[in-house]
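Student: structure17.cif is reproduced below (mmCIF, C-alpha atoms).
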data_work
#
loop_
_atom_site.label_atom_id
_atom_site.label_comp_id
_atom_site.auth_asym_id
_atom_site.auth_seq_id
_atom_site.Cartn_x
_atom_site.Cartn_y
_atom_site.Cartn_z
CA MET Y 1253 -62.42 -43.24 -62.05
CA LYS Y 1254 -59.53 -45.43 -60.95
CA LYS Y 1255 -59.25 -46.23 -57.24
CA ARG Y 1256 -55.93 -45.30 -55.52
CA PHE Y 1257 -54.14 -47.84 -53.30
CA VAL Y 1258 -50.73 -47.93 -51.57
CA VAL Y 1259 -49.19 -51.40 -51.60
CA LEU Y 1260 -46.12 -52.48 -49.62
CA VAL Y 1261 -44.50 -55.25 -51.64
CA ILE Y 1262 -42.49 -57.95 -49.96
CA ALA Y 1263 -40.29 -60.56 -51.56
CA ALA Y 1264 -42.32 -63.51 -50.29
CA PHE Y 1265 -45.42 -62.23 -52.07
CA MET Y 1266 -43.57 -61.76 -55.34
CA LEU Y 1267 -42.09 -65.25 -55.14
CA PHE Y 1268 -45.57 -66.63 -54.58
CA VAL Y 1269 -46.91 -64.93 -57.69
CA PHE Y 1270 -44.05 -65.97 -59.94
CA GLY Y 1271 -43.86 -69.43 -58.40
CA SER Y 1272 -47.48 -70.00 -59.31
CA MET Y 1273 -46.84 -68.79 -62.85
CA ALA Y 1274 -43.79 -71.07 -63.23
CA GLU Y 1275 -45.90 -74.15 -62.60
CA ALA Y 1276 -48.54 -73.12 -65.13
CA THR Y 1277 -48.73 -74.71 -68.56
CA VAL Y 1278 -47.04 -72.67 -71.30
CA ALA Y 1279 -49.81 -71.29 -73.48
CA ASN Y 1280 -51.34 -68.14 -74.84
CA LYS Y 1281 -54.51 -66.94 -73.20
CA GLN Y 1282 -56.47 -63.75 -73.35
CA ILE Y 1283 -57.27 -62.29 -69.91
CA GLN Y 1284 -59.13 -59.24 -68.64
CA VAL Y 1285 -57.41 -57.32 -65.86
CA ASN Y 1286 -58.42 -54.36 -63.69
CA TYR Y 1287 -56.21 -51.26 -63.37
CA ASN Y 1288 -57.04 -49.38 -60.16
CA ASN Y 1289 -54.15 -46.92 -60.10
CA VAL Y 1290 -52.14 -49.12 -57.67
CA LYS Y 1291 -48.99 -47.50 -56.28
CA ILE Y 1292 -45.78 -49.00 -54.85
CA VAL Y 1293 -44.17 -47.34 -51.80
CA THR Y 1294 -40.90 -48.41 -50.13
CA ASN Y 1295 -39.70 -46.81 -46.88
CA GLY Y 1296 -42.22 -44.02 -47.32
CA LYS Y 1297 -41.07 -43.17 -50.85
CA ALA Y 1298 -43.21 -43.78 -53.94
CA VAL Y 1299 -41.63 -45.88 -56.72
CA THR Y 1300 -41.70 -44.24 -60.14
CA LEU Y 1301 -43.30 -46.54 -62.73
CA THR Y 1302 -43.62 -46.23 -66.49
CA ALA Y 1303 -46.93 -46.71 -68.24
CA ASP Y 1304 -46.17 -50.33 -69.15
CA GLN Y 1305 -45.20 -51.11 -65.52
CA GLU Y 1306 -48.52 -50.20 -63.91
CA PRO Y 1307 -49.70 -52.89 -61.43
CA PHE Y 1308 -53.05 -54.55 -62.07
CA LEU Y 1309 -55.60 -56.82 -60.39
CA LEU Y 1310 -56.55 -60.26 -61.66
CA ASN Y 1311 -58.97 -62.54 -59.84
CA GLY Y 1312 -58.33 -60.74 -56.54
CA VAL Y 1313 -54.52 -60.92 -56.88
CA THR Y 1314 -52.37 -57.80 -57.28
CA PHE Y 1315 -49.62 -58.15 -59.90
CA VAL Y 1316 -46.67 -55.73 -59.77
CA PRO Y 1317 -43.56 -55.36 -61.94
CA LEU Y 1318 -40.94 -57.44 -60.15
CA ARG Y 1319 -37.94 -55.60 -61.58
CA ALA Y 1320 -39.20 -52.19 -60.49
CA ALA Y 1321 -40.14 -53.48 -57.05
CA GLY Y 1322 -36.80 -55.27 -56.61
CA GLN Y 1323 -34.78 -52.24 -57.60
CA ALA Y 1324 -36.78 -50.15 -55.14
CA LEU Y 1325 -35.64 -52.62 -52.46
CA ASN Y 1326 -31.99 -52.26 -53.57
CA SER Y 1327 -32.00 -55.72 -55.16
CA THR Y 1328 -31.04 -56.82 -58.67
CA VAL Y 1329 -33.64 -58.67 -60.77
CA ASN Y 1330 -32.53 -60.72 -63.81
CA TRP Y 1331 -34.40 -62.96 -66.25
CA GLU Y 1332 -32.72 -66.18 -67.36
CA ALA Y 1333 -34.48 -67.02 -70.60
CA SER Y 1334 -32.93 -70.47 -70.97
CA THR Y 1335 -34.46 -71.70 -67.74
CA LYS Y 1336 -37.31 -69.22 -67.63
CA THR Y 1337 -36.16 -68.16 -64.15
CA VAL Y 1338 -36.32 -64.83 -62.35
CA VAL Y 1339 -33.17 -64.33 -60.24
CA ILE Y 1340 -33.25 -61.77 -57.39
CA THR Y 1341 -29.93 -60.78 -55.80
CA GLY Y 1342 -29.69 -58.70 -52.60
CA ASN Y 1343 -27.36 -55.70 -52.33
CA SER Y 1344 -24.10 -56.86 -50.70
CA ASN Y 1345 -23.20 -53.27 -49.87
CA ASN Y 1346 -26.18 -53.07 -47.53
CA ASN Y 1347 -25.15 -56.31 -45.83
CA ALA Y 1348 -21.62 -55.03 -45.38
CA SER Y 1349 -22.96 -51.77 -44.01
CA ASN Y 1350 -25.13 -53.64 -41.51
CA THR Y 1351 -22.18 -55.77 -40.45
CA ASP Y 1352 -20.05 -52.68 -39.85
CA LEU Y 1353 -22.84 -51.16 -37.79
CA LEU Y 1354 -23.12 -54.28 -35.62
CA VAL Y 1355 -19.37 -54.24 -35.04
CA GLN Y 1356 -19.53 -50.59 -33.96
CA ILE Y 1357 -22.40 -51.33 -31.59
CA ALA Y 1358 -20.46 -54.20 -30.02
CA GLN Y 1359 -17.44 -51.95 -29.52
CA LYS Y 1360 -19.56 -49.26 -27.88
CA ASN Y 1361 -21.12 -51.84 -25.58
CA GLN Y 1362 -17.65 -52.92 -24.47
CA GLU Y 1363 -16.75 -49.30 -23.79
CA ILE Y 1364 -19.93 -48.86 -21.71
CA VAL Y 1365 -19.13 -51.97 -19.66
CA ALA Y 1366 -15.62 -50.67 -19.02
CA LEU Y 1367 -16.93 -47.26 -17.96
CA LYS Y 1368 -19.45 -48.85 -15.60
CA ALA Y 1369 -16.64 -50.83 -13.99
CA GLN Y 1370 -14.65 -47.62 -13.51
CA VAL Y 1371 -17.65 -45.88 -11.94
CA ALA Y 1372 -18.22 -48.82 -9.58
CA ALA Y 1373 -14.57 -48.78 -8.53
CA LEU Y 1374 -14.68 -45.03 -7.85
CA GLN Y 1375 -17.91 -45.39 -5.87
CA ALA Y 1376 -16.38 -48.16 -3.78
CA LYS Y 1377 -13.40 -45.94 -3.08
CA LEU Y 1378 -15.68 -43.09 -2.00
CA ASP Y 1379 -17.63 -45.45 0.25
CA ASP Y 1380 -14.41 -46.58 1.89
CA GLU Y 1381 -13.40 -42.97 2.47
CA ASP Y 1382 -16.81 -42.18 3.97
CA THR Y 1383 -16.54 -45.23 6.23
CA ASP Y 1384 -13.10 -44.20 7.40
CA GLU Y 1385 -14.39 -40.73 8.17
CA ASP Y 1386 -17.46 -42.09 9.98
CA TYR Y 1387 -15.31 -44.04 12.40
CA ASP Y 1388 -12.95 -41.15 13.08
CA LEU Y 1389 -14.31 -40.13 16.48
CA ASP Y 1390 -12.32 -36.90 16.55
CA LYS Y 1391 -14.00 -35.71 13.36
CA ILE Y 1392 -17.40 -36.78 14.65
CA GLU Y 1393 -16.82 -34.81 17.86
CA ASP Y 1394 -16.07 -31.66 15.87
CA LYS Y 1395 -19.18 -32.07 13.74
CA LEU Y 1396 -21.37 -32.77 16.75
CA LEU Y 1397 -20.12 -29.68 18.54
CA ASP Y 1398 -20.87 -27.61 15.43
CA GLN Y 1399 -24.40 -28.98 15.22
CA TYR Y 1400 -25.25 -29.31 18.91
CA GLY Y 1401 -23.09 -26.62 20.47
CA GLU Y 1402 -26.12 -25.03 22.10
CA LEU Y 1403 -28.92 -26.46 24.19
CA GLU Y 1404 -31.43 -23.65 23.83
CA ASP Y 1405 -29.58 -20.77 25.58
CA VAL Y 1406 -26.97 -23.00 27.23
CA LYS Y 1407 -23.58 -23.21 25.50
CA ILE Y 1408 -22.03 -26.68 25.24
CA ASP Y 1409 -18.29 -26.56 25.91
CA GLU Y 1410 -17.34 -30.05 24.77
CA ILE Y 1411 -18.72 -33.29 23.34
CA ALA Y 1412 -16.26 -36.17 23.78
CA LEU Y 1413 -16.61 -39.71 22.39
CA LYS Y 1414 -14.77 -42.85 23.45
CA GLY Y 1415 -15.26 -46.34 22.06
CA ASP Y 1416 -16.22 -47.77 18.69
CA ASP Y 1417 -19.27 -48.53 16.56
CA ASP Y 1418 -20.39 -51.23 19.03
CA PHE Y 1419 -20.26 -49.12 22.19
CA VAL Y 1420 -19.53 -45.44 22.64
CA LYS Y 1421 -19.25 -43.36 25.80
CA VAL Y 1422 -20.42 -39.76 25.42
CA ASP Y 1423 -19.37 -36.97 27.76
CA VAL Y 1424 -21.02 -33.57 27.35
CA GLU Y 1425 -19.65 -30.64 29.32
CA VAL Y 1426 -21.41 -27.35 30.12
CA ASP Y 1427 -20.11 -24.38 32.08
CA LEU Y 1428 -22.73 -23.60 34.71
CA ASP Y 1429 -20.63 -20.76 36.08
CA ASP Y 1430 -21.80 -18.80 33.05
CA TYR Y 1431 -25.06 -20.57 32.20
CA LYS Y 1432 -26.58 -21.75 35.48
CA LYS Y 1433 -29.65 -19.51 35.14
CA GLU Y 1434 -30.19 -20.63 31.54
CA TRP Y 1435 -29.82 -24.27 32.59
CA LYS Y 1436 -32.39 -23.79 35.33
CA ASP Y 1437 -34.81 -22.28 32.82
CA LEU Y 1438 -34.66 -25.37 30.61
CA THR Y 1439 -37.67 -27.68 30.60
CA GLU Y 1440 -37.21 -31.42 30.82
CA ARG Y 1441 -38.71 -31.74 27.36
CA GLU Y 1442 -36.10 -29.38 25.89
CA ILE Y 1443 -33.29 -31.37 27.48
CA LYS Y 1444 -34.71 -34.69 26.29
CA ASN Y 1445 -35.25 -33.44 22.75
CA TRP Y 1446 -31.65 -32.23 22.55
CA VAL Y 1447 -30.29 -35.53 23.88
CA GLU Y 1448 -32.51 -37.49 21.49
CA ASP Y 1449 -31.21 -35.55 18.48
CA LEU Y 1450 -27.61 -35.94 19.65
CA VAL Y 1451 -27.89 -39.71 20.11
CA GLU Y 1452 -29.67 -40.12 16.78
CA GLU Y 1453 -26.83 -38.28 15.02
CA ILE Y 1454 -24.17 -40.39 16.77
CA GLN Y 1455 -25.85 -43.62 15.70
CA ALA Y 1456 -26.22 -42.28 12.17
CA LYS Y 1457 -22.47 -41.68 12.06
CA LEU Y 1458 -21.52 -45.01 13.63
CA ASN Y 1459 -24.19 -47.69 13.51
CA SER Y 1460 -27.91 -47.92 14.21
CA ASN Y 1461 -27.09 -50.74 16.65
CA THR Y 1462 -24.43 -48.77 18.53
CA VAL Y 1463 -24.91 -48.69 22.30
CA VAL Y 1464 -24.73 -45.07 23.46
CA ASP Y 1465 -23.98 -44.38 27.14
CA GLY Y 1466 -23.73 -40.70 27.98
CA MET Y 1467 -23.60 -38.04 30.65
CA ILE Y 1468 -24.02 -34.28 30.71
CA TYR Y 1469 -21.96 -32.75 33.49
CA SER Y 1470 -20.76 -29.34 34.58
CA THR Y 1471 -17.20 -28.08 34.45
CA ASP Y 1472 -17.16 -28.74 38.21
CA ASP Y 1473 -17.77 -32.45 37.49
CA GLU Y 1474 -21.33 -32.32 38.75
CA ASP Y 1475 -23.58 -34.85 37.01
CA LEU Y 1476 -26.59 -33.19 35.41
CA VAL Y 1477 -28.21 -35.62 32.95
CA GLU Y 1478 -27.66 -39.31 32.27
CA PHE Y 1479 -28.78 -40.98 29.05
CA TYR Y 1480 -28.56 -44.46 27.60
CA LYS Y 1481 -29.71 -46.15 24.40
CA ARG Y 1482 -29.05 -49.74 23.41
CA GLY Y 1483 -29.11 -49.91 19.62
CA LYS Y 1484 -32.65 -49.42 18.36
CA ASN Y 1485 -34.24 -49.67 21.79
CA ARG Y 1486 -35.87 -46.78 23.58
CA LEU Y 1487 -33.71 -43.87 24.72
CA ASP Y 1488 -33.65 -43.40 28.50
CA VAL Y 1489 -32.94 -39.91 29.83
CA TYR Y 1490 -32.65 -39.11 33.54
CA ILE Y 1491 -32.44 -35.55 34.82
CA ILE Y 1492 -30.11 -35.80 37.79
CA ASN Y 1493 -29.91 -32.11 38.63
CA ASN Y 1494 -31.84 -29.33 36.96
CA TYR Y 1495 -31.45 -27.00 39.95
CA LYS Y 1496 -35.21 -26.83 40.36
CA GLY Y 1497 -35.36 -28.63 43.67
CA VAL Y 1498 -37.43 -31.58 42.43
CA ASN Y 1499 -36.87 -34.37 39.93
CA ALA Y 1500 -40.00 -35.34 38.02
CA SER Y 1501 -38.09 -37.13 35.26
CA LYS Y 1502 -38.48 -40.58 36.77
CA VAL Y 1503 -42.26 -40.22 37.06
CA ILE Y 1504 -42.57 -38.83 33.54
CA ASP Y 1505 -40.62 -41.76 32.10
CA SER Y 1506 -42.78 -44.26 33.95
CA LEU Y 1507 -46.05 -42.68 32.78
CA GLU Y 1508 -45.28 -42.17 29.08
CA GLY Y 1509 -47.25 -44.69 27.04
CA ASP Y 1510 -49.67 -45.59 29.86
CA ARG Y 1511 -53.26 -46.19 28.78
CA TYR Y 1512 -56.46 -44.67 30.11
CA SER Y 1513 -60.11 -44.93 29.11
CA VAL Y 1514 -62.88 -42.35 28.88
CA GLU Y 1515 -66.23 -44.13 28.67
CA GLY Y 1516 -64.72 -46.94 26.62
CA ILE Y 1517 -62.60 -44.66 24.38
CA ARG Y 1518 -59.00 -45.70 24.88
CA PHE Y 1519 -56.13 -43.21 24.99
CA SER Y 1520 -52.41 -43.51 25.66
CA ILE Y 1521 -50.12 -40.85 27.11
CA GLY Y 1522 -47.95 -39.14 24.50
CA GLU Y 1523 -46.00 -36.13 25.70
CA LEU Y 1524 -45.93 -35.25 29.38
CA ASP Y 1525 -44.07 -32.55 31.31
CA TYR Y 1526 -43.93 -30.94 34.74
CA GLU Y 1527 -43.82 -27.18 35.44
CA GLU Y 1528 -42.18 -26.87 38.83
CA ASP Y 1529 -42.94 -23.19 39.38
CA LYS Y 1530 -46.66 -23.91 38.96
CA GLU Y 1531 -46.53 -27.49 40.25
CA LEU Y 1532 -48.50 -28.29 37.11
CA VAL Y 1533 -48.46 -31.53 35.11
CA ASN Y 1534 -49.34 -31.29 31.40
CA VAL Y 1535 -50.44 -34.52 29.73
CA ASN Y 1536 -51.30 -35.23 26.08
CA PHE Y 1537 -53.61 -38.20 25.50
CA GLU Y 1538 -53.60 -39.76 22.01
CA ALA Y 1539 -56.53 -41.83 20.74
CA GLU Y 1540 -55.81 -45.46 19.90
CA ALA Y 1541 -58.78 -46.04 17.58
CA ALA Y 1542 -60.51 -44.46 14.59
CA ASP Y 1543 -63.71 -42.38 14.58
CA VAL Y 1544 -62.97 -41.10 18.07
CA ALA Y 1545 -64.25 -37.57 17.38
CA GLU Y 1546 -67.76 -38.81 16.65
CA ARG Y 1547 -67.84 -40.98 19.77
CA TRP Y 1548 -66.41 -38.13 21.87
CA ASP Y 1549 -69.18 -35.77 20.75
CA GLU Y 1550 -71.74 -38.26 22.03
CA LEU Y 1551 -70.41 -38.00 25.60
CA ASN Y 1552 -72.02 -35.60 28.05
CA ARG Y 1553 -70.17 -33.23 30.35
CA ILE Y 1554 -70.67 -35.34 33.45
CA GLU Y 1555 -69.18 -38.43 31.81
CA ILE Y 1556 -66.12 -36.50 30.66
CA SER Y 1557 -65.74 -34.68 34.00
CA ASP Y 1558 -65.85 -37.92 35.99
CA ALA Y 1559 -63.24 -39.51 33.73
CA VAL Y 1560 -60.97 -36.44 33.91
CA ASP Y 1561 -61.12 -36.41 37.73
CA LYS Y 1562 -60.31 -40.11 37.89
CA ILE Y 1563 -57.37 -39.91 35.46
CA GLY Y 1564 -56.04 -36.63 36.91
CA LYS Y 1565 -56.09 -38.02 40.43
CA ALA Y 1566 -54.20 -41.14 39.35
CA ILE Y 1567 -51.49 -39.14 37.57
CA ALA Y 1568 -51.09 -36.68 40.45
CA GLY Y 1569 -50.72 -39.63 42.80
CA GLU Y 1570 -47.84 -41.03 40.75
CA PHE Y 1571 -45.92 -37.76 41.17
CA GLU Y 1572 -46.69 -37.44 44.86
CA ASN Y 1573 -45.43 -40.98 45.45
CA GLU Y 1574 -42.03 -39.65 44.35
CA ASP Y 1575 -42.35 -36.55 46.56
CA VAL Y 1576 -43.07 -34.30 43.57
CA PRO Y 1577 -45.78 -31.79 44.55
CA VAL Y 1578 -48.72 -31.38 42.16
CA GLU Y 1579 -51.15 -28.49 42.31
CA ALA Y 1580 -53.04 -29.47 39.18
CA VAL Y 1581 -53.03 -31.74 36.13
CA ARG Y 1582 -53.85 -30.35 32.70
CA LEU Y 1583 -55.26 -33.03 30.38
CA TYR Y 1584 -55.34 -32.64 26.58
CA PHE Y 1585 -57.20 -35.24 24.50
CA TYR Y 1586 -56.53 -35.76 20.76
CA ASP Y 1587 -58.16 -37.95 18.12
CA GLU Y 1588 -56.34 -40.27 15.71
CA ASP Y 1589 -55.65 -37.33 13.35
CA ASN Y 1590 -54.04 -35.32 16.16
CA GLU Y 1591 -57.02 -32.96 16.30
CA ARG Y 1592 -57.74 -31.75 19.83
CA LEU Y 1593 -60.97 -33.08 21.30
CA GLY Y 1594 -60.78 -30.96 24.43
CA SER Y 1595 -58.60 -29.74 27.31
CA TYR Y 1596 -59.47 -30.11 30.99
CA ARG Y 1597 -57.97 -29.26 34.37
CA TYR Y 1598 -57.90 -31.44 37.44
CA ASN Y 1599 -57.21 -29.54 40.67
CA ASN Y 1600 -55.37 -31.73 43.13
CA ASN Y 1601 -56.82 -30.32 46.36
#
Could you rewrite the structure in this file as C-alpha cells?

Tutor:
Amino acid sequence: MKKRFVVLVIAAFMLFVFGSMAEATVANKQIQVNYNNVKIVTNGKAVTLTADQEPFLLNGVTFVPLRAAGQALNSTVNWEASTKTVVITGNSNNNASNTDLLVQIAQKNQEIVALKAQVAALQAKLDDEDTDEDYDLDKIEDKLLDQYGELEDVKIDEIALKGDDDFVKVDVEVDLDDYKKEWKDLTEREIKNWVEDLVEEIQAKLNSNTVVDGMIYSTDDEDLVEFYKRGKNRLDVYIINNYKGVNASKVIDSLEGDRYSVEGIRFSIGELDYEEDKELVNVNFEAEAADVAERWDELNRIEISDAVDKIGKAIAGEFENEDVPVEAVRLYFYDEDNERLGSYRYNNN
C-alpha cells in the first residue's frame, strides 16, 4: 500500500532540483522510482494532480511537477526548449495587491497618530480646567462645607480659605449657641479625626506640600481648636476649649509614639485618649517586632502586672504634671498583626 505524505513545496527546493538536472550530462538512462502517494498542499488546500503528474521519490529526493506546483503558488511556469530553461514568473497582481495594502496601512497609521494627538490635546485642556478649578478657593470652600459640614452632631456654619497652594489659612466656624452640648460631648479623638480628614482634603485640592494653618472658633469669636500642618509633616491639633474643664490634648500629643517595654518586648503608643468624666486614660500599645504573641504567652502574671503598674504610673504622672487628674489608666497591648494580647487597668491611687 502506498504511504501518504503532505509536502509543502517552496521555490528554492524546486530550483535546487532543476538546477542539479541542468548541470547533468544529456543522456538517456533507465531509473527506478518510488511512488508513495505524495500530495502537494498550498495554504491548506490540496493541489489537484493528474495521473502523469504524481510526485515520486528517487534516491531520497522528492520530485514534484514544477508547473503544477508553480500554478498552485499563483506563478507562471514556462519551458524554453531552445535553452532548455524553466522560467518561473510571479503574479504581478499579487504584488500590486500587497502594495495597495501597505499603502492603506500607512494611511491608517497616520490617522491613528493624528487621533492620538487630538486626544492628548483634549486631555491637556481638561487638566488645565481641573487645575483652574483646584485653585479656585471659593469652589473648594463650597465642596469642603458639603463634605465636612458636620462634626459628629455639631453643625459647621462656615469653612473659609485664604491664601494659595503654598500657604492657606483655614477658618472654621461653629455656632455653640445651638450646639454647645454636642460640642462638649465630642471626644478629642473625634475632633482630631475630623480635622485630619479636612486638612488631607485641602492638600489634595491644592498641593501635598501646602502649609495649612487653621482654627475652629465659635460665632462669638472664641477659639476652640488650633491646627497646623507643614506640607507632609505631622499634623498638630490643639484643643483650646472643649468646655470640659481640663485640656489633656497637650499631654496626649506628647505621649503618642512613646516607647515602653514589657520584659524586653518593645511597644509604642498608638492611639490615646482621655475620658474626663471618668478621669480615665485609654492607651493602645502596638508591638514593634514580630512573633510577639508567642513571647507574650511565655510571660507570667507577675511579670505583666509589674510592667503594667510601672507603665501606668508613668503615663498618669505625665497627665498630672499638666494638672489633668487621672483616676486610672487602661492599657491595651496588641501584636504586630493588631491582635489584642491583653487589656489591663492601672489604678492611680

Student: Please write as a list in words the full residue list that the PyMOL selection byres ((chain Y and resi 1308) around 12) yields on this file.

Tutor: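 When the PyMOL selection byres ((chain Y and resi 1308) around 12) is applied, the selected residues are Lys1254, Lys1255, Arg1256, Phe1257, Val1259, Ile1283, Gln1284, Val1285, Asn1286, Tyr1287, Asn1288, Asn1289, Val1290, Lys1291, Ile1292, Ala1303, Asp1304, Gln1305, Glu1306, Pro1307, Leu1309, Leu1310, Asn1311, Gly1312, Val1313, Thr1314, Phe1315, Val1316 and Pro1317 of chain Y.
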
Student: The PyMOL selection byres ((chain Y and resi 1427) around 9) - which residues does that actually catch in the file I just gave you? List them as an mmCIF file with C-alpha atoms, in the frame of the given file.

Tutor:
data_model
loop_
_atom_site.group_PDB
_atom_site.id
_atom_site.type_symbol
_atom_site.label_atom_id
_atom_site.label_comp_id
_atom_site.auth_asym_id
_atom_site.auth_seq_id
_atom_site.Cartn_x
_atom_site.Cartn_y
_atom_site.Cartn_z
ATOM 1 C CA VAL Y 1406 -26.970 -23.000 27.230
ATOM 2 C CA LYS Y 1407 -23.580 -23.210 25.500
ATOM 3 C CA ILE Y 1408 -22.030 -26.680 25.240
ATOM 4 C CA ASP Y 1409 -18.290 -26.560 25.910
ATOM 5 C CA GLU Y 1425 -19.650 -30.640 29.320
ATOM 6 C CA VAL Y 1426 -21.410 -27.350 30.120
ATOM 7 C CA LEU Y 1428 -22.730 -23.600 34.710
ATOM 8 C CA ASP Y 1429 -20.630 -20.760 36.080
ATOM 9 C CA ASP Y 1430 -21.800 -18.800 33.050
ATOM 10 C CA TYR Y 1431 -25.060 -20.570 32.200
ATOM 11 C CA LYS Y 1432 -26.580 -21.750 35.480
ATOM 12 C CA TYR Y 1469 -21.960 -32.750 33.490
ATOM 13 C CA SER Y 1470 -20.760 -29.340 34.580
ATOM 14 C CA THR Y 1471 -17.200 -28.080 34.450
ATOM 15 C CA ASP Y 1472 -17.160 -28.740 38.210
#

Student: One number please: atom CA of Y:Asp1465 to atom CA of Y:Asn1493, in Å, one decimal.

Tutor: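 For atom CA of Y:Asp1465 relative to atom CA of Y:Asn1493, the distance reads 17.8 Å.
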
Student: Please determine, counting all atoms listed in the file, which residue among Y:Ile1521, Y:Ala1369, Y:Ala1542, Y:Ile1443 has the shortest atom-to-atom distance to Y:Ile1492.

Tutor: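 Smallest separation from Y:Ile1492 among the options: Y:Ile1443.
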
Student: Find the residues near stretch 1478-1490 of chain Y: any atom within 12 Å, counting only C-alpha atoms, skip ones fewer than 2 places away on the same chain, and give them as a PyMOL selection string.

Tutor: chain Y and resi 1417-1424+1440-1452+1454-1456+1458-1469+1474-1476+1492-1494+1499-1506+1508

Student: Of the residues Y:Tyr1526, Y:Phe1585, Y:Phe1571, Y:Tyr1400, which is the one nearest to Y:Tyr1512, using all atoms listed in the file?

Tutor: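 Looking at the shortest contact to Y:Tyr1512, the residue is Y:Phe1585.
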
Student: Using all atoms listed in the file, which of the listed residues (Y:Ile1554, Y:Val1581, Y:Ala1539, Y:Ile1567) sits closest to Y:Gly1522?

Tutor: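 Result for the nearest residue to Y:Gly1522: Y:Ala1539.
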
Student: Please determine, counting all atoms listed in the file, which residue among Y:Asp1388, Y:Glu1404, Y:Asp1575, Y:Glu1515 has the shortest atom-to-atom distance to Y:Arg1553.

Tutor: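 So, comparing all the options, the nearest one is Y:Glu1515.
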
Student: Just want the 7 Å neighbourhood of Y:Val1329, counted on all atoms listed in the file, with same-chain residues fewer than 5 positions away dropped. Output as a list in words.

Tutor: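 Listed by chain and then number, they are Arg1319, Gly1322, Val1338, Val1339, Ile1340 and Thr1341 of chain Y.
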
Student: Could you check the closest approach to Y:Asn1552 for each of Y:Val1533, Y:Lys1297, Y:Leu1374, Y:Val1514 and tell me which residue wins, using all atoms listed in the file?

Tutor: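 Nearest candidate to Y:Asn1552 out of Y:Val1533, Y:Lys1297, Y:Leu1374, Y:Val1514: Y:Val1514.
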
Student: Using only C-alpha atoms, which residue out of Y:Leu1325, Y:Glu1363, Y:Ile1392, Y:Asp1561 lies closest to Y:Lys1457?

Tutor: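 Looking only at the distances to Y:Lys1457, the closest residue turns out to be Y:Ile1392.
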
Student: Go ahead and compute the interatomic distance for atom CA of Y:Lys1565 and atom CA of Y:Asn1601, in Å to one decimal.

Tutor: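 Interatomic distance, atom CA of Y:Lys1565 to atom CA of Y:Asn1601: 9.7 Å.
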
Student: Any chance you could work out the residue set of the PyMOL selection byres ((chain Y and resi 1587) around 10) here, as a ChimeraX atom specification?

Tutor: /Y:1519,1537-1546,1548,1585-1586,1588-1594

Student: So what do you get for atom CA of Y:Glu1523 versus atom CA of Y:Leu1396, distance-wise?

Tutor: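 Separating atom CA of Y:Glu1523 from atom CA of Y:Leu1396 is a distance of 26.4 Å.
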
Student: Show me as a PyMOL selection string the residues that reach within 7 Å of (-51.8, -29.5, 43.6), counting only C-alpha atoms and using the file's own coordinates.

Tutor: chain Y and resi 1531+1577-1580+1599-1601
